[in-house]
Each structure stands twice: as structure tokens, then as C-alpha cells.
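Q: Below you'll find model_3.cif; it's mmCIF, C-alpha atoms.
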```
data_entry
#
loop_
_atom_site.group_PDB
_atom_site.id
_atom_site.type_symbol
_atom_site.label_atom_id
_atom_site.label_comp_id
_atom_site.auth_asym_id
_atom_site.auth_seq_id
_atom_site.Cartn_x
_atom_site.Cartn_y
_atom_site.Cartn_z
ATOM 1 C CA MET A 704 50.064 85.395 184.100
ATOM 2 C CA SER A 705 46.484 85.305 183.628
ATOM 3 C CA ASP A 706 44.575 83.283 181.126
ATOM 4 C CA GLU A 707 43.778 86.324 179.118
ATOM 5 C CA GLN A 708 47.398 87.335 178.731
ATOM 6 C CA GLN A 709 48.632 83.956 177.725
ATOM 7 C CA PRO A 710 48.184 83.266 174.062
ATOM 8 C CA LYS A 711 45.994 80.406 173.185
ATOM 9 C CA PRO A 712 47.636 77.487 171.450
ATOM 10 C CA GLU A 713 45.452 78.002 168.410
ATOM 11 C CA ASP A 714 46.661 81.577 168.155
ATOM 12 C CA VAL A 715 50.295 80.490 168.467
ATOM 13 C CA VAL A 716 49.813 77.877 165.772
ATOM 14 C CA GLU A 717 48.008 80.434 163.666
ATOM 15 C CA GLU A 718 50.838 82.937 164.155
ATOM 16 C CA GLN A 719 53.432 80.324 163.302
ATOM 17 C CA LYS A 720 51.454 79.357 160.203
ATOM 18 C CA THR A 721 51.214 83.004 159.176
ATOM 19 C CA SER A 722 54.890 83.548 159.859
ATOM 20 C CA ALA A 723 55.847 80.384 157.998
ATOM 21 C CA GLY A 724 53.536 81.351 155.122
ATOM 22 C CA GLU A 725 55.079 84.807 154.898
ATOM 23 C CA GLN A 726 58.554 83.332 154.977
ATOM 24 C CA GLN A 727 57.615 80.852 152.279
ATOM 25 C CA GLU A 728 56.079 83.640 150.187
ATOM 26 C CA HIS A 729 59.237 85.688 150.633
ATOM 27 C CA GLU A 730 61.406 82.743 149.552
ATOM 28 C CA VAL A 731 59.162 82.237 146.508
ATOM 29 C CA GLU A 732 59.432 85.947 145.666
ATOM 30 C CA VAL A 733 63.234 85.810 145.994
ATOM 31 C CA GLU A 734 63.392 82.704 143.792
ATOM 32 C CA LEU A 735 61.038 84.348 141.332
ATOM 33 C CA ALA A 736 63.154 87.514 141.265
ATOM 34 C CA GLU A 737 66.312 85.445 140.725
ATOM 35 C CA SER A 738 64.528 83.476 138.033
ATOM 36 C CA VAL A 739 63.371 86.718 136.349
ATOM 37 C CA ASP A 740 66.925 88.127 136.545
ATOM 38 C CA GLU A 741 68.290 84.917 135.023
ATOM 39 C CA ALA A 742 65.671 85.006 132.269
ATOM 40 C CA GLN A 743 66.400 88.687 131.578
ATOM 41 C CA SER A 744 70.146 88.039 131.340
ATOM 42 C CA LYS A 745 69.438 85.115 128.969
ATOM 43 C CA ILE A 746 67.189 87.374 126.873
ATOM 44 C CA ASP A 747 69.899 90.049 126.773
ATOM 45 C CA SER A 748 72.518 87.454 125.792
ATOM 46 C CA LEU A 749 70.292 85.993 123.088
ATOM 47 C CA SER A 750 69.473 89.498 121.809
ATOM 48 C CA GLU A 751 73.191 90.242 121.477
ATOM 49 C CA GLN A 752 73.732 86.946 119.669
ATOM 50 C CA LEU A 753 70.831 87.760 117.344
ATOM 51 C CA VAL A 754 72.295 91.199 116.538
ATOM 52 C CA GLU A 755 75.707 89.593 115.882
ATOM 53 C CA ALA A 756 74.131 86.908 113.681
ATOM 54 C CA LYS A 757 72.202 89.531 111.676
ATOM 55 C CA ASP A 758 75.392 91.559 111.267
ATOM 56 C CA HIS A 759 77.269 88.444 110.152
ATOM 57 C CA VAL A 760 74.543 87.612 107.616
ATOM 58 C CA LEU A 761 74.597 91.177 106.230
ATOM 59 C CA ARG A 762 78.385 91.157 105.935
ATOM 60 C CA SER A 763 78.340 87.733 104.272
ATOM 61 C CA HIS A 764 75.689 88.923 101.817
ATOM 62 C CA ALA A 765 77.686 92.071 101.010
ATOM 63 C CA GLU A 766 80.851 90.018 100.608
ATOM 64 C CA ALA A 767 79.073 87.654 98.206
ATOM 65 C CA GLN A 768 77.766 90.604 96.172
ATOM 66 C CA ASN A 769 81.252 92.132 96.014
ATOM 67 C CA ALA A 770 82.751 88.809 94.907
ATOM 68 C CA ARG A 771 80.079 88.459 92.215
ATOM 69 C CA ARG A 772 80.682 92.045 91.032
ATOM 70 C CA ARG A 773 84.463 91.518 90.931
ATOM 71 C CA ALA A 774 83.996 88.284 88.979
ATOM 72 C CA ASP A 775 81.734 90.085 86.492
ATOM 73 C CA GLN A 776 84.330 92.848 86.112
ATOM 74 C CA ASP A 777 87.095 90.290 85.592
ATOM 75 C CA VAL A 778 85.064 88.536 82.898
ATOM 76 C CA GLU A 779 84.326 91.881 81.232
ATOM 77 C CA LYS A 780 88.022 92.823 81.290
ATOM 78 C CA ALA A 781 88.968 89.407 79.918
ATOM 79 C CA HIS A 782 86.562 89.928 77.019
ATOM 80 C CA LYS A 783 87.787 93.474 76.450
ATOM 81 C CA PHE A 784 91.508 92.973 76.823
ATOM 82 C CA GLY A 785 91.946 89.268 76.040
ATOM 83 C CA GLN A 786 92.936 90.278 72.510
ATOM 84 C CA GLU A 787 95.660 92.654 73.709
ATOM 85 C CA LYS A 788 98.577 90.280 73.052
ATOM 86 C CA LEU A 789 97.231 89.333 69.628
ATOM 87 C CA VAL A 790 96.770 93.000 68.704
ATOM 88 C CA ALA A 791 100.301 93.821 69.875
ATOM 89 C CA ASP A 792 101.655 90.975 67.733
ATOM 90 C CA LEU A 793 99.708 92.166 64.645
ATOM 91 C CA LEU A 794 100.748 95.831 64.830
ATOM 92 C CA PRO A 795 104.154 95.235 63.171
ATOM 93 C CA VAL A 796 102.265 93.846 60.153
ATOM 94 C CA VAL A 797 100.406 97.171 59.830
ATOM 95 C CA ASP A 798 103.723 99.028 60.203
ATOM 96 C CA ASN A 799 105.317 96.900 57.465
ATOM 97 C CA LEU A 800 102.421 97.482 55.071
ATOM 98 C CA GLU A 801 102.678 101.248 55.663
ATOM 99 C CA ARG A 802 106.465 101.162 55.116
ATOM 100 C CA ALA A 803 105.984 99.145 51.921
ATOM 101 C CA LEU A 804 103.599 101.784 50.569
ATOM 102 C CA ALA A 805 105.971 104.588 51.564
ATOM 103 C CA SER A 806 108.964 102.948 49.865
ATOM 104 C CA ILE A 807 107.312 101.992 46.529
ATOM 105 C CA ASP A 808 107.620 104.347 43.569
ATOM 106 C CA GLN A 809 104.024 105.544 43.180
ATOM 107 C CA GLU A 810 104.662 106.793 39.594
ATOM 108 C CA ASN A 811 105.774 103.422 38.216
ATOM 109 C CA GLU A 812 102.888 102.024 36.129
ATOM 110 C CA THR A 813 104.069 98.420 36.426
ATOM 111 C CA LEU A 814 103.738 98.592 40.246
ATOM 112 C CA LYS A 815 100.172 100.042 40.253
ATOM 113 C CA SER A 816 98.504 96.669 40.878
ATOM 114 C CA ILE A 817 100.985 95.847 43.676
ATOM 115 C CA ILE A 818 100.398 99.271 45.266
ATOM 116 C CA GLU A 819 96.654 98.813 44.978
ATOM 117 C CA GLY A 820 96.870 95.335 46.578
ATOM 118 C CA ILE A 821 98.958 96.651 49.485
ATOM 119 C CA GLU A 822 96.571 99.597 49.984
ATOM 120 C CA LEU A 823 93.524 97.312 50.025
ATOM 121 C CA THR A 824 95.230 94.922 52.444
ATOM 122 C CA LEU A 825 96.228 97.805 54.719
ATOM 123 C CA LYS A 826 92.693 99.286 54.604
ATOM 124 C CA SER A 827 91.116 95.914 55.395
ATOM 125 C CA PHE A 828 93.541 95.374 58.253
ATOM 126 C CA SER A 829 92.940 98.883 59.639
ATOM 127 C CA ASP A 830 89.149 98.510 59.380
ATOM 128 C CA THR A 831 89.326 95.212 61.273
ATOM 129 C CA LEU A 832 91.377 96.831 64.041
ATOM 130 C CA VAL A 833 88.875 99.693 64.345
ATOM 131 C CA LYS A 834 86.011 97.185 64.468
ATOM 132 C CA HIS A 835 87.682 95.575 67.505
ATOM 133 C CA LYS A 836 88.132 98.956 69.245
ATOM 134 C CA VAL A 837 91.809 99.380 68.400
ATOM 135 C CA GLU A 838 92.498 103.079 67.884
ATOM 136 C CA VAL A 839 95.532 104.693 66.269
ATOM 137 C CA ILE A 840 97.633 107.272 68.136
ATOM 138 C CA ASP A 841 99.112 109.610 65.520
ATOM 139 C CA PRO A 842 99.872 112.755 67.542
ATOM 140 C CA VAL A 843 101.609 115.096 65.055
ATOM 141 C CA GLY A 844 101.066 118.680 66.242
ATOM 142 C CA GLU A 845 99.604 117.638 69.606
ATOM 143 C CA PRO A 846 101.227 118.351 72.986
ATOM 144 C CA PHE A 847 103.512 115.564 74.218
ATOM 145 C CA ASP A 848 101.660 113.148 76.543
ATOM 146 C CA PRO A 849 103.941 110.659 78.328
ATOM 147 C CA GLN A 850 100.987 108.330 78.929
ATOM 148 C CA PHE A 851 100.581 107.714 75.193
ATOM 149 C CA HIS A 852 103.830 108.919 73.621
ATOM 150 C CA GLN A 853 107.428 107.789 73.905
ATOM 151 C CA ALA A 854 109.892 110.590 73.145
ATOM 152 C CA MET A 855 112.778 109.369 71.014
ATOM 153 C CA THR A 856 114.499 112.743 70.777
ATOM 154 C CA MET A 857 113.953 116.465 71.249
ATOM 155 C CA ILE A 858 114.734 118.922 68.463
ATOM 156 C CA PRO A 859 114.735 122.743 68.633
ATOM 157 C CA SER A 860 111.976 123.997 66.350
ATOM 158 C CA PRO A 861 111.040 127.665 65.840
ATOM 159 C CA ASP A 862 107.865 126.683 63.935
ATOM 160 C CA ALA A 863 106.351 124.387 66.571
ATOM 161 C CA GLU A 864 105.225 125.027 70.115
ATOM 162 C CA PRO A 865 107.703 123.760 72.716
ATOM 163 C CA ASN A 866 106.945 120.275 74.030
ATOM 164 C CA SER A 867 104.719 119.334 71.091
ATOM 165 C CA VAL A 868 105.072 116.359 68.745
ATOM 166 C CA ILE A 869 106.645 117.319 65.400
ATOM 167 C CA GLU A 870 107.242 113.858 63.921
ATOM 168 C CA VAL A 871 106.044 110.288 64.509
ATOM 169 C CA PHE A 872 108.533 107.439 63.990
ATOM 170 C CA GLN A 873 105.974 104.766 64.811
ATOM 171 C CA LYS A 874 102.247 105.128 65.479
ATOM 172 C CA GLY A 875 100.844 104.071 68.810
ATOM 173 C CA TYR A 876 97.681 102.065 69.476
ATOM 174 C CA THR A 877 95.083 101.666 72.224
ATOM 175 C CA LEU A 878 92.612 98.825 72.813
ATOM 176 C CA HIS A 879 89.374 99.972 74.496
ATOM 177 C CA GLY A 880 91.281 103.031 75.737
ATOM 178 C CA ARG A 881 94.145 101.009 77.244
ATOM 179 C CA LEU A 882 97.581 101.607 75.742
ATOM 180 C CA VAL A 883 98.880 98.675 73.692
ATOM 181 C CA ARG A 884 101.888 100.461 72.210
ATOM 182 C CA PRO A 885 103.010 104.077 72.720
ATOM 183 C CA ALA A 886 103.649 106.315 69.726
ATOM 184 C CA MET A 887 107.399 106.863 69.201
ATOM 185 C CA VAL A 888 107.761 110.576 68.583
ATOM 186 C CA VAL A 889 110.114 113.508 68.117
ATOM 187 C CA VAL A 890 109.304 116.371 70.467
ATOM 188 C CA SER A 891 110.030 120.056 69.853
ATOM 189 C CA LYS A 892 111.908 122.195 72.314
ATOM 190 C CA ALA A 893 112.424 125.936 72.468
ATOM 191 C CA PRO A 894 115.283 127.116 70.184
#
```
Any chance you could put this one into C-alpha cells?
A:
Amino acid sequence: MSDEQQPKPEDVVEEQKTSAGEQQEHEVEVELAESVDEAQSKIDSLSEQLVEAKDHVLRSHAEAQNARRRADQDVEKAHKFGQEKLVADLLPVVDNLERALASIDQENETLKSIIEGIELTLKSFSDTLVKHKVEVIDPVGEPFDPQFHQAMTMIPSPDAEPNSVIEVFQKGYTLHGRLVRPAMVVVSKAP
């Protein structure tokens, strides 16, 4: 070979340097790409964790609000219906006062002061019950309602509509709309 065809050592070194530089650049690019892929996967993973954490915080907040609301409702119900047992225990006293008035001879002059005392006591008692949201269920003439009435018997009655209350044995009572004691009633049926 001639001198012109043979590469000069400087050119060979230069080519090797260029080749080595390109290879090194390629390796750096590959490492950089792998590093970028790793970083992207970390970002994706952290983004998912962030979304899960936000969701967890929202659920926890909602759960706390629901617990607070339920506690408030329980306190409200305790205030409203905490007297239910006491009211149920006092209702027989009202019944006895009403029976006493019904059984006394209203025409007897010597019993007028006793009758007046019983009437005033009954009125005071009834007013106190109303003040505490206790309402009387006295359904004479109304249709029978099994949620508030307890049927003691059914009697054929041509004067009354079938399935309506014609007599009340014992009045019923509600406290804030909740049944404390059903009214014991006689219900009409078709003759």
C-alpha cells in the first residue's frame, strides 16, 4: 500500500477518540434514559400515593363529620326522649284522677271542694304534660290506626263507619310524636 492509502496514526487515534467519544455519549444517553424512566416511574408511584392519601384524608374527614352528626342526633334524642320512662310511669296517675272524677257524684254539695281539688290537680298535671310535648290520643270517631291504637274488641255498629273507633277504654299518649302508650279502643265493624 502506498503512503496515501495508509491512514496516518494521528487519524487512527482521532477516529478511535471519536468512536470512543460516541460510545461514551451513547452510554451516557442510555443511562440518562434509564434514569429518566426510573424518575418517571417514581413520580407516577408518588402521584398514586398522593391520590390515595388525599382520598384517605377526605374519607376520614367525612367519617369524622358523620360521627359528630350522629353524636349530636343521639344527644338530641336523649334530651327529647329521656323523659319517656318517667312519662309512662306518670300516665296511670292521670288515668286515676280521671276515673276519680268520673266516679264521684257531681251533684253532692259536700263533695264540691273535693271535686274541685281533683279537677285542678288533673288540669295542672295535664298542662305540665303538654308543656313537655306529651300529647293525648283520644281517637273517638276517628279511623282505627294500629300505630297509635290498640283494639280491645270489635262491635257491630250501624251508626258508625266500619273500622272506626267508637269507644276509648284508656287514652293513649305520645312524647314528641313518639308513641308512649297506645290508646285502648273499641272498633266498629259492619253489622
Q: Could you tell me, as an mmCIF file with C-alpha atoms, keeping the file's coordinate frame, exactly which residues end up selected when the PyMOL selection byres ((chain A and resi 846) around 9) is applied to this structure?
A:
```cif
data_model
loop_
_atom_site.group_PDB
_atom_site.id
_atom_site.type_symbol
_atom_site.label_atom_id
_atom_site.label_comp_id
_atom_site.auth_asym_id
_atom_site.auth_seq_id
_atom_site.Cartn_x
_atom_site.Cartn_y
_atom_site.Cartn_z
ATOM 1 C CA PRO A 842 99.872 112.755 67.542
ATOM 2 C CA VAL A 843 101.609 115.096 65.055
ATOM 3 C CA GLY A 844 101.066 118.680 66.242
ATOM 4 C CA GLU A 845 99.604 117.638 69.606
ATOM 5 C CA PHE A 847 103.512 115.564 74.218
ATOM 6 C CA ASP A 848 101.660 113.148 76.543
ATOM 7 C CA GLU A 864 105.225 125.027 70.115
ATOM 8 C CA PRO A 865 107.703 123.760 72.716
ATOM 9 C CA ASN A 866 106.945 120.275 74.030
ATOM 10 C CA SER A 867 104.719 119.334 71.091
ATOM 11 C CA VAL A 868 105.072 116.359 68.745
ATOM 12 C CA VAL A 890 109.304 116.371 70.467
#
```
Q: I need the residue set behind the PyMOL selection byres ((chain A and resi 839) around 7) for this file; please write it as number ranges by chain.
A: A: 837-838, 840-841, 874-877
Q: Would you mind exporting the chosen residues as a compact mmCIF listing (two decimals), keeping the file's coordinate frame, restricted to C-alpha atoms?
A:
```
# COMPACT_ATOMS: atom_id res chain seq x y z
CA VAL A 837 91.81 99.38 68.40
CA GLU A 838 92.50 103.08 67.88
CA ILE A 840 97.63 107.27 68.14
CA ASP A 841 99.11 109.61 65.52
CA LYS A 874 102.25 105.13 65.48
CA GLY A 875 100.84 104.07 68.81
CA TYR A 876 97.68 102.06 69.48
CA THR A 877 95.08 101.67 72.22
```
Q: By how many Å are CA of Leu793 in chain A and CA of Lys815 in chain A apart?
A: 25.6 Å
Q: At a cut-off of 8 Å around the point (100.3, 101.7, 47.6) (file coordinates), what residues fall inside when counting all atoms listed in the file? I'd like the answer as number ranges by chain.
A: A: 803-805, 807, 809, 815, 817-822
Q: Tell me, in Å to one decimal, how far CA of Gln752 in chain A is from CA of Ala767 in chain A.
A: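 We find that CA of Gln752 in chain A and CA of Ala767 in chain A lie 22.1 Å from each other.
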Q: Which residue out of A:Asp747, A:Ala886, A:Gly785, A:Val796 has the minimum interatomic distance to Met855 in chain A when only C-alpha atoms are used?
A: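 For Met855 in chain A, the nearest of the given residues is A:Ala886.
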Q: When you draw a straight line from CA of Gly880 in chain A to CA of Phe784 in chain A, how long is it in Å?
A: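 Separation of CA of Gly880 in chain A and CA of Phe784 in chain A: 10.1 Å.
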Q: Please expand the PyMOL selection byres ((chain A and resi 894) around 12) into the concrete residues it hits in this file, giving the result as a list in words.
A: Met857, Ile858, Pro859, Ser860, Pro861, Asp862, Ala863, Glu864, Pro865, Asn866, Ser891, Lys892 and Ala893 of chain A
Q: Neighbours of Val790 in chain A within 9 Å (all atoms listed in the file; same-chain residues fewer than 2 positions away dropped), as a list in words?
A: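 Residues near the query, excluding close chain neighbours: Gln786, Glu787, Lys788, Asp792, Leu793, Leu794, Leu832, Val837, Leu878 and Val883 of chain A.
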Q: Pull C-alpha atoms for range 803-867 of chain A from the block and write them as a PDB file, in the first residue's frame.
A:
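Result went into part.pdb, see below:
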```
ATOM      1  CA  ALA A 803    -111.950   9.576  90.348  1.00  0.00           C
ATOM      2  CA  LEU A 804    -113.779  12.466  88.680  1.00  0.00           C
ATOM      3  CA  ALA A 805    -115.954  10.071  86.677  1.00  0.00           C
ATOM      4  CA  SER A 806    -116.941   8.054  89.757  1.00  0.00           C
ATOM      5  CA  ILE A 807    -117.767  10.955  92.138  1.00  0.00           C
ATOM      6  CA  ASP A 808    -121.361  12.136  92.439  1.00  0.00           C
ATOM      7  CA  GLN A 809    -121.154  15.595  90.855  1.00  0.00           C
ATOM      8  CA  GLU A 810    -124.487  16.692  92.440  1.00  0.00           C
ATOM      9  CA  ASN A 811    -123.398  16.110  96.042  1.00  0.00           C
ATOM     10  CA  GLU A 812    -122.698  19.532  97.600  1.00  0.00           C
ATOM     11  CA  THR A 813    -120.428  18.129 100.311  1.00  0.00           C
ATOM     12  CA  LEU A 814    -118.047  16.739  97.641  1.00  0.00           C
ATOM     13  CA  LYS A 815    -117.780  20.010  95.629  1.00  0.00           C
ATOM     14  CA  SER A 816    -114.448  21.021  97.189  1.00  0.00           C
ATOM     15  CA  ILE A 817    -113.016  17.510  96.653  1.00  0.00           C
ATOM     16  CA  ILE A 818    -114.197  17.534  93.019  1.00  0.00           C
ATOM     17  CA  GLU A 819    -112.723  20.981  92.515  1.00  0.00           C
ATOM     18  CA  GLY A 820    -109.382  19.869  94.035  1.00  0.00           C
ATOM     19  CA  ILE A 821    -109.229  16.789  91.791  1.00  0.00           C
ATOM     20  CA  GLU A 822    -110.116  18.877  88.712  1.00  0.00           C
ATOM     21  CA  LEU A 823    -107.414  21.445  89.494  1.00  0.00           C
ATOM     22  CA  THR A 824    -104.852  18.703  90.113  1.00  0.00           C
ATOM     23  CA  LEU A 825    -105.794  16.973  86.857  1.00  0.00           C
ATOM     24  CA  LYS A 826    -105.635  20.272  84.909  1.00  0.00           C
ATOM     25  CA  SER A 827    -102.234  21.128  86.387  1.00  0.00           C
ATOM     26  CA  PHE A 828    -100.941  17.658  85.595  1.00  0.00           C
ATOM     27  CA  SER A 829    -102.302  17.789  82.028  1.00  0.00           C
ATOM     28  CA  ASP A 830    -100.852  21.271  81.431  1.00  0.00           C
ATOM     29  CA  THR A 831     -97.441  20.074  82.623  1.00  0.00           C
ATOM     30  CA  LEU A 832     -97.572  17.107  80.242  1.00  0.00           C
ATOM     31  CA  VAL A 833     -98.480  19.380  77.317  1.00  0.00           C
ATOM     32  CA  LYS A 834     -95.638  21.736  78.255  1.00  0.00           C
ATOM     33  CA  HIS A 835     -93.220  18.796  77.909  1.00  0.00           C
ATOM     34  CA  LYS A 836     -94.646  17.823  74.492  1.00  0.00           C
ATOM     35  CA  VAL A 837     -96.780  14.937  75.731  1.00  0.00           C
ATOM     36  CA  GLU A 838     -99.920  14.772  73.601  1.00  0.00           C
ATOM     37  CA  VAL A 839    -103.132  12.875  74.309  1.00  0.00           C
ATOM     38  CA  ILE A 840    -104.511  10.321  71.833  1.00  0.00           C
ATOM     39  CA  ASP A 841    -108.296  10.301  72.243  1.00  0.00           C
ATOM     40  CA  PRO A 842    -109.494   8.911  68.898  1.00  0.00           C
ATOM     41  CA  VAL A 843    -113.292   8.604  69.293  1.00  0.00           C
ATOM     42  CA  GLY A 844    -114.852   8.776  65.816  1.00  0.00           C
ATOM     43  CA  GLU A 845    -111.506   8.525  64.001  1.00  0.00           C
ATOM     44  CA  PRO A 846    -110.474   5.615  61.759  1.00  0.00           C
ATOM     45  CA  PHE A 847    -108.582   2.859  63.583  1.00  0.00           C
ATOM     46  CA  ASP A 848    -104.790   3.337  63.315  1.00  0.00           C
ATOM     47  CA  PRO A 849    -102.759   0.355  64.569  1.00  0.00           C
ATOM     48  CA  GLN A 850     -99.711   2.590  65.047  1.00  0.00           C
ATOM     49  CA  PHE A 851    -101.468   4.576  67.780  1.00  0.00           C
ATOM     50  CA  HIS A 852    -104.445   2.443  68.811  1.00  0.00           C
ATOM     51  CA  GLN A 853    -104.765  -0.967  70.415  1.00  0.00           C
ATOM     52  CA  ALA A 854    -108.066  -2.664  69.568  1.00  0.00           C
ATOM     53  CA  MET A 855    -109.575  -4.370  72.597  1.00  0.00           C
ATOM     54  CA  THR A 856    -112.684  -5.601  70.802  1.00  0.00           C
ATOM     55  CA  MET A 857    -114.784  -5.101  67.685  1.00  0.00           C
ATOM     56  CA  ILE A 858    -118.508  -4.414  67.929  1.00  0.00           C
ATOM     57  CA  PRO A 859    -121.060  -4.262  65.085  1.00  0.00           C
ATOM     58  CA  SER A 860    -122.374  -0.706  64.905  1.00  0.00           C
ATOM     59  CA  PRO A 861    -124.908   0.576  62.352  1.00  0.00           C
ATOM     60  CA  ASP A 862    -124.281   4.202  63.417  1.00  0.00           C
ATOM     61  CA  ALA A 863    -120.500   4.247  62.955  1.00  0.00           C
ATOM     62  CA  GLU A 864    -118.333   3.717  59.911  1.00  0.00           C
ATOM     63  CA  PRO A 865    -116.714   0.270  59.820  1.00  0.00           C
ATOM     64  CA  ASN A 866    -113.200   0.155  61.264  1.00  0.00           C
ATOM     65  CA  SER A 867    -113.584   3.395  63.223  1.00  0.00           C
TER      66      SER A 867
END
```
